[in-house]
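Undergrad: A single structure is presented below for examination.
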Amino acid sequence: SGTRAPMFSHVVIFWTNPANPNAAADLIAGAKKYLAPIPGVLTFHIGQMVPSHRPVVDQTYQVALNLVFPDKKTQDDYQLHPLHLEFVEKVFKPNCARVVVYDFE
């Protein structure tokens, strides 16, 4: 049992708006523009769902975002950051029909 650096993962699964055929691309571009620069983000990874032949793999969504922070407080601050709020209004709302979030330490 070794010691590990503190880590807080924030995983967001997006189902895009079917009325917008460019929703996935717009969502990815918008996240890179607004979310990646926010202070405290240690790891930023966004991408499209990868098809799989394994039935256990959820393939109903279109885009996923995986962020790693040093701790929960940093993630809480991220949620209130002006760039995150701008992302929600300008990118998330017009492009997404549904979202599910998984936070874990």
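We name chains A, B, ... following the order of the structure tokens; residues begin at 1 in each chain, and ligands are numbered from 1 as shown.
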With a cut-off of 10 Å, could you pull out the residues of segment 6-98 of chain A touching segment 102-105 of chain A and give me the nearest pair of atoms for each, distance in Å to one decimal, using only C-alpha atoms, ordered by chain and ascending number, as a Markdown table?

TA:
```
| residue | atom | partner | partner_atom | distance |
| --- | --- | --- | --- | --- |
| A:Pro6 | CA | A:Glu105 | CA | 7.9 |
| A:Met7 | CA | A:Glu105 | CA | 5.9 |
| A:Phe8 | CA | A:Glu105 | CA | 4.6 |
| A:Ser9 | CA | A:Phe104 | CA | 5.3 |
| A:His10 | CA | A:Asp103 | CA | 4.6 |
| A:Val11 | CA | A:Tyr102 | CA | 5.0 |
| A:Val12 | CA | A:Tyr102 | CA | 6.4 |
| A:Ile13 | CA | A:Tyr102 | CA | 8.3 |
| A:Asn66 | CA | A:Tyr102 | CA | 9.4 |
| A:Leu67 | CA | A:Asp103 | CA | 9.6 |
| A:Val68 | CA | A:Glu105 | CA | 9.6 |
| A:Phe69 | CA | A:Glu105 | CA | 9.6 |
| A:Pro70 | CA | A:Glu105 | CA | 9.5 |
| A:Asp71 | CA | A:Glu105 | CA | 7.9 |
| A:Lys72 | CA | A:Glu105 | CA | 8.1 |
| A:Gln75 | CA | A:Asp103 | CA | 9.6 |
```

Undergrad: Write a file of the selected residues as a compact mmCIF listing (two decimals), in the first residue's frame, keeping N, CA and C atoms.

TA:
```txt
# COMPACT_ATOMS: atom_id res chain seq x y z
N PRO A 6 -3.17 12.98 -4.14
CA PRO A 6 -4.63 13.17 -4.14
C PRO A 6 -5.14 13.38 -5.56
N MET A 7 -6.33 12.87 -5.81
CA MET A 7 -6.88 12.95 -7.16
C MET A 7 -8.39 12.97 -7.08
N PHE A 8 -9.00 13.82 -7.91
CA PHE A 8 -10.46 13.88 -8.00
C PHE A 8 -10.83 13.83 -9.48
N SER A 9 -11.57 12.81 -9.88
CA SER A 9 -11.97 12.66 -11.28
C SER A 9 -13.39 13.15 -11.48
N HIS A 10 -13.56 13.92 -12.56
CA HIS A 10 -14.86 14.48 -12.94
C HIS A 10 -15.12 14.01 -14.37
N VAL A 11 -16.04 13.05 -14.51
CA VAL A 11 -16.34 12.45 -15.81
C VAL A 11 -17.74 12.89 -16.23
N VAL A 12 -17.83 13.44 -17.44
CA VAL A 12 -19.12 13.94 -17.93
C VAL A 12 -19.45 13.24 -19.24
N ILE A 13 -20.62 12.62 -19.28
CA ILE A 13 -21.09 11.91 -20.47
C ILE A 13 -22.19 12.75 -21.12
N ASN A 66 -13.30 13.83 -19.58
CA ASN A 66 -12.66 13.27 -18.40
C ASN A 66 -11.66 14.28 -17.86
N LEU A 67 -11.98 14.86 -16.70
CA LEU A 67 -11.09 15.83 -16.08
C LEU A 67 -10.56 15.29 -14.77
N VAL A 68 -9.30 15.58 -14.47
CA VAL A 68 -8.71 15.21 -13.20
C VAL A 68 -8.25 16.49 -12.49
N PHE A 69 -8.63 16.60 -11.23
CA PHE A 69 -8.25 17.71 -10.37
C PHE A 69 -7.45 17.16 -9.18
N PRO A 70 -6.71 18.02 -8.49
CA PRO A 70 -5.98 17.53 -7.32
C PRO A 70 -6.89 17.16 -6.16
N ASP A 71 -8.07 17.80 -6.07
CA ASP A 71 -8.99 17.53 -4.96
C ASP A 71 -10.39 18.07 -5.30
N LYS A 72 -11.35 17.75 -4.42
CA LYS A 72 -12.72 18.15 -4.67
C LYS A 72 -12.88 19.66 -4.66
N GLN A 75 -12.19 21.17 -7.95
CA GLN A 75 -13.28 20.89 -8.87
C GLN A 75 -14.47 21.78 -8.57
```

Undergrad: Among the residues of chain A, find those DSSP assigns to alpha helix (DSSP H) from the backbone and print them as a PDB file with all heavy atoms, in the first residue's frame.

TA:
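Just written: result-v2.pdb:
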```pdb
ATOM      1  N   ALA A  23     -23.238  18.952 -33.483  1.00  0.00           N
ATOM      2  CA  ALA A  23     -23.216  19.110 -32.026  1.00  0.00           C
ATOM      3  C   ALA A  23     -21.975  18.507 -31.381  1.00  0.00           C
ATOM      4  O   ALA A  23     -21.358  19.135 -30.513  1.00  0.00           O
ATOM      5  CB  ALA A  23     -24.481  18.518 -31.407  1.00  0.00           C
ATOM      6  N   ALA A  24     -21.585  17.310 -31.794  1.00  0.00           N
ATOM      7  CA  ALA A  24     -20.423  16.662 -31.168  1.00  0.00           C
ATOM      8  C   ALA A  24     -19.152  17.471 -31.406  1.00  0.00           C
ATOM      9  O   ALA A  24     -18.383  17.738 -30.471  1.00  0.00           O
ATOM     10  CB  ALA A  24     -20.266  15.233 -31.684  1.00  0.00           C
ATOM     11  N   ALA A  25     -18.942  17.885 -32.640  1.00  0.00           N
ATOM     12  CA  ALA A  25     -17.750  18.671 -32.968  1.00  0.00           C
ATOM     13  C   ALA A  25     -17.765  20.020 -32.257  1.00  0.00           C
ATOM     14  O   ALA A  25     -16.730  20.479 -31.747  1.00  0.00           O
ATOM     15  CB  ALA A  25     -17.650  18.875 -34.476  1.00  0.00           C
ATOM     16  N   ASP A  26     -18.934  20.659 -32.189  1.00  0.00           N
ATOM     17  CA  ASP A  26     -19.053  21.949 -31.511  1.00  0.00           C
ATOM     18  C   ASP A  26     -18.789  21.806 -30.017  1.00  0.00           C
ATOM     19  O   ASP A  26     -18.163  22.668 -29.389  1.00  0.00           O
ATOM     20  CB  ASP A  26     -20.438  22.550 -31.733  1.00  0.00           C
ATOM     21  CG  ASP A  26     -20.668  22.987 -33.182  1.00  0.00           C
ATOM     22  OD1 ASP A  26     -19.693  22.997 -33.969  1.00  0.00           O
ATOM     23  OD2 ASP A  26     -21.824  23.308 -33.527  1.00  0.00           O
ATOM     24  N   LEU A  27     -19.270  20.720 -29.438  1.00  0.00           N
ATOM     25  CA  LEU A  27     -19.079  20.458 -28.018  1.00  0.00           C
ATOM     26  C   LEU A  27     -17.599  20.263 -27.697  1.00  0.00           C
ATOM     27  O   LEU A  27     -17.069  20.836 -26.737  1.00  0.00           O
ATOM     28  CB  LEU A  27     -19.882  19.218 -27.625  1.00  0.00           C
ATOM     29  CG  LEU A  27     -19.965  18.860 -26.156  1.00  0.00           C
ATOM     30  CD1 LEU A  27     -20.643  19.970 -25.358  1.00  0.00           C
ATOM     31  CD2 LEU A  27     -20.742  17.558 -25.996  1.00  0.00           C
ATOM     32  N   ILE A  28     -16.920  19.471 -28.513  1.00  0.00           N
ATOM     33  CA  ILE A  28     -15.499  19.209 -28.296  1.00  0.00           C
ATOM     34  C   ILE A  28     -14.680  20.491 -28.454  1.00  0.00           C
ATOM     35  O   ILE A  28     -13.833  20.819 -27.605  1.00  0.00           O
ATOM     36  CB  ILE A  28     -15.011  18.101 -29.251  1.00  0.00           C
ATOM     37  CG1 ILE A  28     -15.637  16.760 -28.837  1.00  0.00           C
ATOM     38  CG2 ILE A  28     -13.486  18.021 -29.262  1.00  0.00           C
ATOM     39  CD1 ILE A  28     -15.448  15.639 -29.838  1.00  0.00           C
ATOM     40  N   ALA A  29     -14.956  21.250 -29.508  1.00  0.00           N
ATOM     41  CA  ALA A  29     -14.231  22.508 -29.731  1.00  0.00           C
ATOM     42  C   ALA A  29     -14.495  23.495 -28.594  1.00  0.00           C
ATOM     43  O   ALA A  29     -13.573  24.172 -28.119  1.00  0.00           O
ATOM     44  CB  ALA A  29     -14.625  23.117 -31.070  1.00  0.00           C
ATOM     45  N   GLY A  30     -15.738  23.572 -28.157  1.00  0.00           N
ATOM     46  CA  GLY A  30     -16.095  24.497 -27.086  1.00  0.00           C
ATOM     47  C   GLY A  30     -15.454  24.136 -25.764  1.00  0.00           C
ATOM     48  O   GLY A  30     -15.021  25.009 -25.014  1.00  0.00           O
ATOM     49  N   ALA A  31     -15.380  22.839 -25.469  1.00  0.00           N
ATOM     50  CA  ALA A  31     -14.736  22.403 -24.227  1.00  0.00           C
ATOM     51  C   ALA A  31     -13.255  22.750 -24.239  1.00  0.00           C
ATOM     52  O   ALA A  31     -12.702  23.205 -23.233  1.00  0.00           O
ATOM     53  CB  ALA A  31     -14.939  20.903 -24.030  1.00  0.00           C
ATOM     54  N   LYS A  32     -12.612  22.540 -25.378  1.00  0.00           N
ATOM     55  CA  LYS A  32     -11.187  22.871 -25.482  1.00  0.00           C
ATOM     56  C   LYS A  32     -10.965  24.371 -25.294  1.00  0.00           C
ATOM     57  O   LYS A  32      -9.991  24.799 -24.686  1.00  0.00           O
ATOM     58  CB  LYS A  32     -10.629  22.408 -26.820  1.00  0.00           C
ATOM     59  CG  LYS A  32     -10.513  20.887 -26.917  1.00  0.00           C
ATOM     60  CD  LYS A  32     -10.036  20.429 -28.286  1.00  0.00           C
ATOM     61  CE  LYS A  32      -9.907  18.916 -28.334  1.00  0.00           C
ATOM     62  NZ  LYS A  32      -9.549  18.431 -29.687  1.00  0.00           N
ATOM     63  N   LYS A  33     -11.897  25.167 -25.821  1.00  0.00           N
ATOM     64  CA  LYS A  33     -11.773  26.627 -25.737  1.00  0.00           C
ATOM     65  C   LYS A  33     -12.026  27.143 -24.322  1.00  0.00           C
ATOM     66  O   LYS A  33     -11.261  27.953 -23.804  1.00  0.00           O
ATOM     67  CB  LYS A  33     -12.752  27.281 -26.708  1.00  0.00           C
ATOM     68  CG  LYS A  33     -12.769  28.804 -26.633  1.00  0.00           C
ATOM     69  CD  LYS A  33     -13.763  29.403 -27.629  1.00  0.00           C
ATOM     70  CE  LYS A  33     -13.799  30.928 -27.524  1.00  0.00           C
ATOM     71  NZ  LYS A  33     -14.751  31.509 -28.487  1.00  0.00           N
ATOM     72  N   TYR A  34     -13.123  26.682 -23.703  1.00  0.00           N
ATOM     73  CA  TYR A  34     -13.562  27.253 -22.431  1.00  0.00           C
ATOM     74  C   TYR A  34     -13.111  26.489 -21.185  1.00  0.00           C
ATOM     75  O   TYR A  34     -12.873  27.095 -20.150  1.00  0.00           O
ATOM     76  CB  TYR A  34     -15.094  27.354 -22.402  1.00  0.00           C
ATOM     77  CG  TYR A  34     -15.661  28.350 -23.366  1.00  0.00           C
ATOM     78  CD1 TYR A  34     -16.312  27.933 -24.523  1.00  0.00           C
ATOM     79  CD2 TYR A  34     -15.554  29.719 -23.140  1.00  0.00           C
ATOM     80  CE1 TYR A  34     -16.850  28.846 -25.421  1.00  0.00           C
ATOM     81  CE2 TYR A  34     -16.079  30.643 -24.030  1.00  0.00           C
ATOM     82  CZ  TYR A  34     -16.725  30.203 -25.171  1.00  0.00           C
ATOM     83  OH  TYR A  34     -17.246  31.112 -26.056  1.00  0.00           O
ATOM     84  N   LYS A  72     -11.347  17.750  -4.425  1.00  0.00           N
ATOM     85  CA  LYS A  72     -12.723  18.146  -4.671  1.00  0.00           C
ATOM     86  C   LYS A  72     -12.885  19.663  -4.660  1.00  0.00           C
ATOM     87  O   LYS A  72     -13.654  20.219  -5.437  1.00  0.00           O
ATOM     88  CB  LYS A  72     -13.663  17.510  -3.636  1.00  0.00           C
ATOM     89  CG  LYS A  72     -15.127  17.836  -3.898  1.00  0.00           C
ATOM     90  CD  LYS A  72     -16.049  17.178  -2.887  1.00  0.00           C
ATOM     91  CE  LYS A  72     -17.505  17.383  -3.268  1.00  0.00           C
ATOM     92  NZ  LYS A  72     -17.888  18.813  -3.299  1.00  0.00           N
ATOM     93  N   LYS A  73     -12.185  20.354  -3.770  1.00  0.00           N
ATOM     94  CA  LYS A  73     -12.321  21.809  -3.691  1.00  0.00           C
ATOM     95  C   LYS A  73     -11.930  22.472  -5.010  1.00  0.00           C
ATOM     96  O   LYS A  73     -12.592  23.406  -5.461  1.00  0.00           O
ATOM     97  CB  LYS A  73     -11.483  22.394  -2.553  1.00  0.00           C
ATOM     98  CG  LYS A  73     -11.740  23.882  -2.402  1.00  0.00           C
ATOM     99  CD  LYS A  73     -10.751  24.600  -1.519  1.00  0.00           C
ATOM    100  CE  LYS A  73     -11.101  26.080  -1.388  1.00  0.00           C
ATOM    101  NZ  LYS A  73     -11.319  26.762  -2.685  1.00  0.00           N
ATOM    102  N   THR A  74     -10.879  21.981  -5.645  1.00  0.00           N
ATOM    103  CA  THR A  74     -10.458  22.545  -6.925  1.00  0.00           C
ATOM    104  C   THR A  74     -11.540  22.338  -7.980  1.00  0.00           C
ATOM    105  O   THR A  74     -11.813  23.219  -8.794  1.00  0.00           O
ATOM    106  CB  THR A  74      -9.128  21.916  -7.379  1.00  0.00           C
ATOM    107  OG1 THR A  74      -8.168  22.061  -6.332  1.00  0.00           O
ATOM    108  CG2 THR A  74      -8.602  22.579  -8.636  1.00  0.00           C
ATOM    109  N   GLN A  75     -12.189  21.169  -7.945  1.00  0.00           N
ATOM    110  CA  GLN A  75     -13.281  20.887  -8.872  1.00  0.00           C
ATOM    111  C   GLN A  75     -14.468  21.782  -8.568  1.00  0.00           C
ATOM    112  O   GLN A  75     -15.132  22.291  -9.474  1.00  0.00           O
ATOM    113  CB  GLN A  75     -13.684  19.407  -8.785  1.00  0.00           C
ATOM    114  CG  GLN A  75     -14.620  18.951  -9.894  1.00  0.00           C
ATOM    115  CD  GLN A  75     -16.096  19.146  -9.568  1.00  0.00           C
ATOM    116  OE1 GLN A  75     -16.940  19.184 -10.461  1.00  0.00           O
ATOM    117  NE2 GLN A  75     -16.437  19.275  -8.304  1.00  0.00           N
ATOM    118  N   ASP A  76     -14.758  22.012  -7.297  1.00  0.00           N
ATOM    119  CA  ASP A  76     -15.857  22.899  -6.917  1.00  0.00           C
ATOM    120  C   ASP A  76     -15.607  24.320  -7.429  1.00  0.00           C
ATOM    121  O   ASP A  76     -16.526  24.983  -7.927  1.00  0.00           O
ATOM    122  CB  ASP A  76     -16.039  22.920  -5.399  1.00  0.00           C
ATOM    123  CG  ASP A  76     -16.543  21.582  -4.853  1.00  0.00           C
ATOM    124  OD1 ASP A  76     -17.027  20.751  -5.650  1.00  0.00           O
ATOM    125  OD2 ASP A  76     -16.458  21.376  -3.624  1.00  0.00           O
ATOM    126  N   ASP A  77     -14.359  24.778  -7.313  1.00  0.00           N
ATOM    127  CA  ASP A  77     -13.991  26.105  -7.817  1.00  0.00           C
ATOM    128  C   ASP A  77     -14.146  26.167  -9.342  1.00  0.00           C
ATOM    129  O   ASP A  77     -14.594  27.177  -9.892  1.00  0.00           O
ATOM    130  CB  ASP A  77     -12.551  26.458  -7.425  1.00  0.00           C
ATOM    131  CG  ASP A  77     -12.388  26.649  -5.920  1.00  0.00           C
ATOM    132  OD1 ASP A  77     -13.404  26.836  -5.222  1.00  0.00           O
ATOM    133  OD2 ASP A  77     -11.240  26.604  -5.442  1.00  0.00           O
ATOM    134  N   TYR A  78     -13.756  25.083 -10.004  1.00  0.00           N
ATOM    135  CA  TYR A  78     -13.891  24.979 -11.462  1.00  0.00           C
ATOM    136  C   TYR A  78     -15.348  25.175 -11.894  1.00  0.00           C
ATOM    137  O   TYR A  78     -15.635  25.853 -12.873  1.00  0.00           O
ATOM    138  CB  TYR A  78     -13.344  23.618 -11.903  1.00  0.00           C
ATOM    139  CG  TYR A  78     -13.840  23.087 -13.222  1.00  0.00           C
ATOM    140  CD1 TYR A  78     -13.148  23.351 -14.399  1.00  0.00           C
ATOM    141  CD2 TYR A  78     -14.975  22.286 -13.280  1.00  0.00           C
ATOM    142  CE1 TYR A  78     -13.601  22.837 -15.613  1.00  0.00           C
ATOM    143  CE2 TYR A  78     -15.427  21.774 -14.487  1.00  0.00           C
ATOM    144  CZ  TYR A  78     -14.741  22.058 -15.646  1.00  0.00           C
ATOM    145  OH  TYR A  78     -15.188  21.548 -16.841  1.00  0.00           O
ATOM    146  N   GLN A  79     -16.274  24.575 -11.144  1.00  0.00           N
ATOM    147  CA  GLN A  79     -17.696  24.671 -11.487  1.00  0.00           C
ATOM    148  C   GLN A  79     -18.183  26.120 -11.486  1.00  0.00           C
ATOM    149  O   GLN A  79     -19.076  26.471 -12.258  1.00  0.00           O
ATOM    150  CB  GLN A  79     -18.544  23.848 -10.511  1.00  0.00           C
ATOM    151  CG  GLN A  79     -18.334  22.345 -10.603  1.00  0.00           C
ATOM    152  CD  GLN A  79     -18.822  21.746 -11.897  1.00  0.00           C
ATOM    153  OE1 GLN A  79     -19.663  22.298 -12.589  1.00  0.00           O
ATOM    154  NE2 GLN A  79     -18.283  20.594 -12.246  1.00  0.00           N
ATOM    155  N   LEU A  80     -17.600  26.960 -10.630  1.00  0.00           N
ATOM    156  CA  LEU A  80     -18.027  28.349 -10.492  1.00  0.00           C
ATOM    157  C   LEU A  80     -17.211  29.311 -11.343  1.00  0.00           C
ATOM    158  O   LEU A  80     -17.507  30.497 -11.389  1.00  0.00           O
ATOM    159  CB  LEU A  80     -17.923  28.768  -9.017  1.00  0.00           C
ATOM    160  CG  LEU A  80     -18.763  27.932  -8.043  1.00  0.00           C
ATOM    161  CD1 LEU A  80     -18.454  28.333  -6.603  1.00  0.00           C
ATOM    162  CD2 LEU A  80     -20.248  28.090  -8.339  1.00  0.00           C
ATOM    163  N   PRO A  82     -15.879  31.569 -14.278  1.00  0.00           N
ATOM    164  CA  PRO A  82     -16.618  32.231 -15.373  1.00  0.00           C
ATOM    165  C   PRO A  82     -16.530  31.497 -16.717  1.00  0.00           C
ATOM    166  O   PRO A  82     -17.506  31.481 -17.472  1.00  0.00           O
ATOM    167  CB  PRO A  82     -15.958  33.608 -15.468  1.00  0.00           C
ATOM    168  CG  PRO A  82     -15.359  33.846 -14.122  1.00  0.00           C
ATOM    169  CD  PRO A  82     -15.010  32.504 -13.562  1.00  0.00           C
ATOM    170  N   LEU A  83     -15.395  30.864 -17.010  1.00  0.00           N
ATOM    171  CA  LEU A  83     -15.268  30.127 -18.275  1.00  0.00           C
ATOM    172  C   LEU A  83     -16.178  28.901 -18.298  1.00  0.00           C
ATOM    173  O   LEU A  83     -16.730  28.545 -19.340  1.00  0.00           O
ATOM    174  CB  LEU A  83     -13.816  29.710 -18.523  1.00  0.00           C
ATOM    175  CG  LEU A  83     -12.862  30.800 -18.988  1.00  0.00           C
ATOM    176  CD1 LEU A  83     -11.436  30.267 -19.043  1.00  0.00           C
ATOM    177  CD2 LEU A  83     -13.278  31.347 -20.345  1.00  0.00           C
ATOM    178  N   HIS A  84     -16.343  28.248 -17.151  1.00  0.00           N
ATOM    179  CA  HIS A  84     -17.244  27.090 -17.080  1.00  0.00           C
ATOM    180  C   HIS A  84     -18.686  27.535 -17.270  1.00  0.00           C
ATOM    181  O   HIS A  84     -19.455  26.904 -18.005  1.00  0.00           O
ATOM    182  CB  HIS A  84     -17.077  26.350 -15.748  1.00  0.00           C
ATOM    183  CG  HIS A  84     -17.928  25.124 -15.643  1.00  0.00           C
ATOM    184  ND1 HIS A  84     -19.184  25.140 -15.089  1.00  0.00           N
ATOM    185  CD2 HIS A  84     -17.727  23.848 -16.054  1.00  0.00           C
ATOM    186  CE1 HIS A  84     -19.709  23.920 -15.152  1.00  0.00           C
ATOM    187  NE2 HIS A  84     -18.854  23.122 -15.729  1.00  0.00           N
ATOM    188  N   LEU A  85     -19.050  28.640 -16.627  1.00  0.00           N
ATOM    189  CA  LEU A  85     -20.413  29.160 -16.767  1.00  0.00           C
ATOM    190  C   LEU A  85     -20.694  29.564 -18.215  1.00  0.00           C
ATOM    191  O   LEU A  85     -21.787  29.334 -18.738  1.00  0.00           O
ATOM    192  CB  LEU A  85     -20.614  30.348 -15.823  1.00  0.00           C
ATOM    193  CG  LEU A  85     -20.375  30.042 -14.331  1.00  0.00           C
ATOM    194  CD1 LEU A  85     -20.547  31.302 -13.494  1.00  0.00           C
ATOM    195  CD2 LEU A  85     -21.287  28.932 -13.834  1.00  0.00           C
ATOM    196  N   GLU A  86     -19.685  30.129 -18.869  1.00  0.00           N
ATOM    197  CA  GLU A  86     -19.826  30.525 -20.276  1.00  0.00           C
ATOM    198  C   GLU A  86     -19.974  29.285 -21.172  1.00  0.00           C
ATOM    199  O   GLU A  86     -20.780  29.266 -22.106  1.00  0.00           O
ATOM    200  CB  GLU A  86     -18.603  31.346 -20.689  1.00  0.00           C
ATOM    201  CG  GLU A  86     -18.789  32.112 -21.972  1.00  0.00           C
ATOM    202  CD  GLU A  86     -17.659  33.100 -22.257  1.00  0.00           C
ATOM    203  OE1 GLU A  86     -16.766  33.279 -21.400  1.00  0.00           O
ATOM    204  OE2 GLU A  86     -17.678  33.690 -23.359  1.00  0.00           O
ATOM    205  N   PHE A  87     -19.211  28.234 -20.870  1.00  0.00           N
ATOM    206  CA  PHE A  87     -19.324  26.971 -21.599  1.00  0.00           C
ATOM    207  C   PHE A  87     -20.749  26.417 -21.509  1.00  0.00           C
ATOM    208  O   PHE A  87     -21.330  25.983 -22.507  1.00  0.00           O
ATOM    209  CB  PHE A  87     -18.325  25.946 -21.056  1.00  0.00           C
ATOM    210  CG  PHE A  87     -18.548  24.551 -21.568  1.00  0.00           C
ATOM    211  CD1 PHE A  87     -18.057  24.161 -22.806  1.00  0.00           C
ATOM    212  CD2 PHE A  87     -19.249  23.614 -20.821  1.00  0.00           C
ATOM    213  CE1 PHE A  87     -18.275  22.872 -23.292  1.00  0.00           C
ATOM    214  CE2 PHE A  87     -19.469  22.325 -21.293  1.00  0.00           C
ATOM    215  CZ  PHE A  87     -18.978  21.957 -22.532  1.00  0.00           C
ATOM    216  N   LYS A  93     -25.671  24.085 -23.548  1.00  0.00           N
ATOM    217  CA  LYS A  93     -27.128  24.185 -23.735  1.00  0.00           C
ATOM    218  C   LYS A  93     -27.581  24.022 -25.181  1.00  0.00           C
ATOM    219  O   LYS A  93     -28.539  23.298 -25.447  1.00  0.00           O
ATOM    220  CB  LYS A  93     -27.658  25.475 -23.106  1.00  0.00           C
ATOM    221  CG  LYS A  93     -27.663  25.417 -21.589  1.00  0.00           C
ATOM    222  CD  LYS A  93     -28.284  26.655 -20.965  1.00  0.00           C
ATOM    223  CE  LYS A  93     -28.327  26.541 -19.443  1.00  0.00           C
ATOM    224  NZ  LYS A  93     -28.893  27.762 -18.824  1.00  0.00           N
ATOM    225  N   PRO A  94     -26.909  24.654 -26.161  1.00  0.00           N
ATOM    226  CA  PRO A  94     -27.380  24.485 -27.548  1.00  0.00           C
ATOM    227  C   PRO A  94     -27.050  23.124 -28.168  1.00  0.00           C
ATOM    228  O   PRO A  94     -27.647  22.753 -29.173  1.00  0.00           O
ATOM    229  CB  PRO A  94     -26.676  25.595 -28.320  1.00  0.00           C
ATOM    230  CG  PRO A  94     -25.653  26.182 -27.430  1.00  0.00           C
ATOM    231  CD  PRO A  94     -25.859  25.660 -26.045  1.00  0.00           C
ATOM    232  N   ASN A  95     -26.135  22.378 -27.580  1.00  0.00           N
ATOM    233  CA  ASN A  95     -25.643  21.162 -28.229  1.00  0.00           C
ATOM    234  C   ASN A  95     -26.012  19.857 -27.530  1.00  0.00           C
ATOM    235  O   ASN A  95     -25.806  18.783 -28.102  1.00  0.00           O
ATOM    236  CB  ASN A  95     -24.121  21.218 -28.376  1.00  0.00           C
ATOM    237  CG  ASN A  95     -23.684  22.248 -29.396  1.00  0.00           C
ATOM    238  OD1 ASN A  95     -24.077  22.182 -30.553  1.00  0.00           O
ATOM    239  ND2 ASN A  95     -22.898  23.220 -28.975  1.00  0.00           N
TER     240      ASN A  95
END
```

Undergrad: I need the residue nearest Thr60 of chain A from this list: A:Ala19, A:Ala36, A:Val99, A:Leu42. Use only C-alpha atoms for the distance.

TA: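 Selected residue with least distance to Thr60 of chain A: A:Val99.
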
Undergrad: Choose the residue, out of A:Asp58, A:Asn20, A:His81, A:Ala64, that has the smallest atom-to-atom separation from Pro39 of chain A; count only C-alpha atoms.

TA: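 Once distances to Pro39 of chain A are computed over only C-alpha atoms, the minimum belongs to A:His81.
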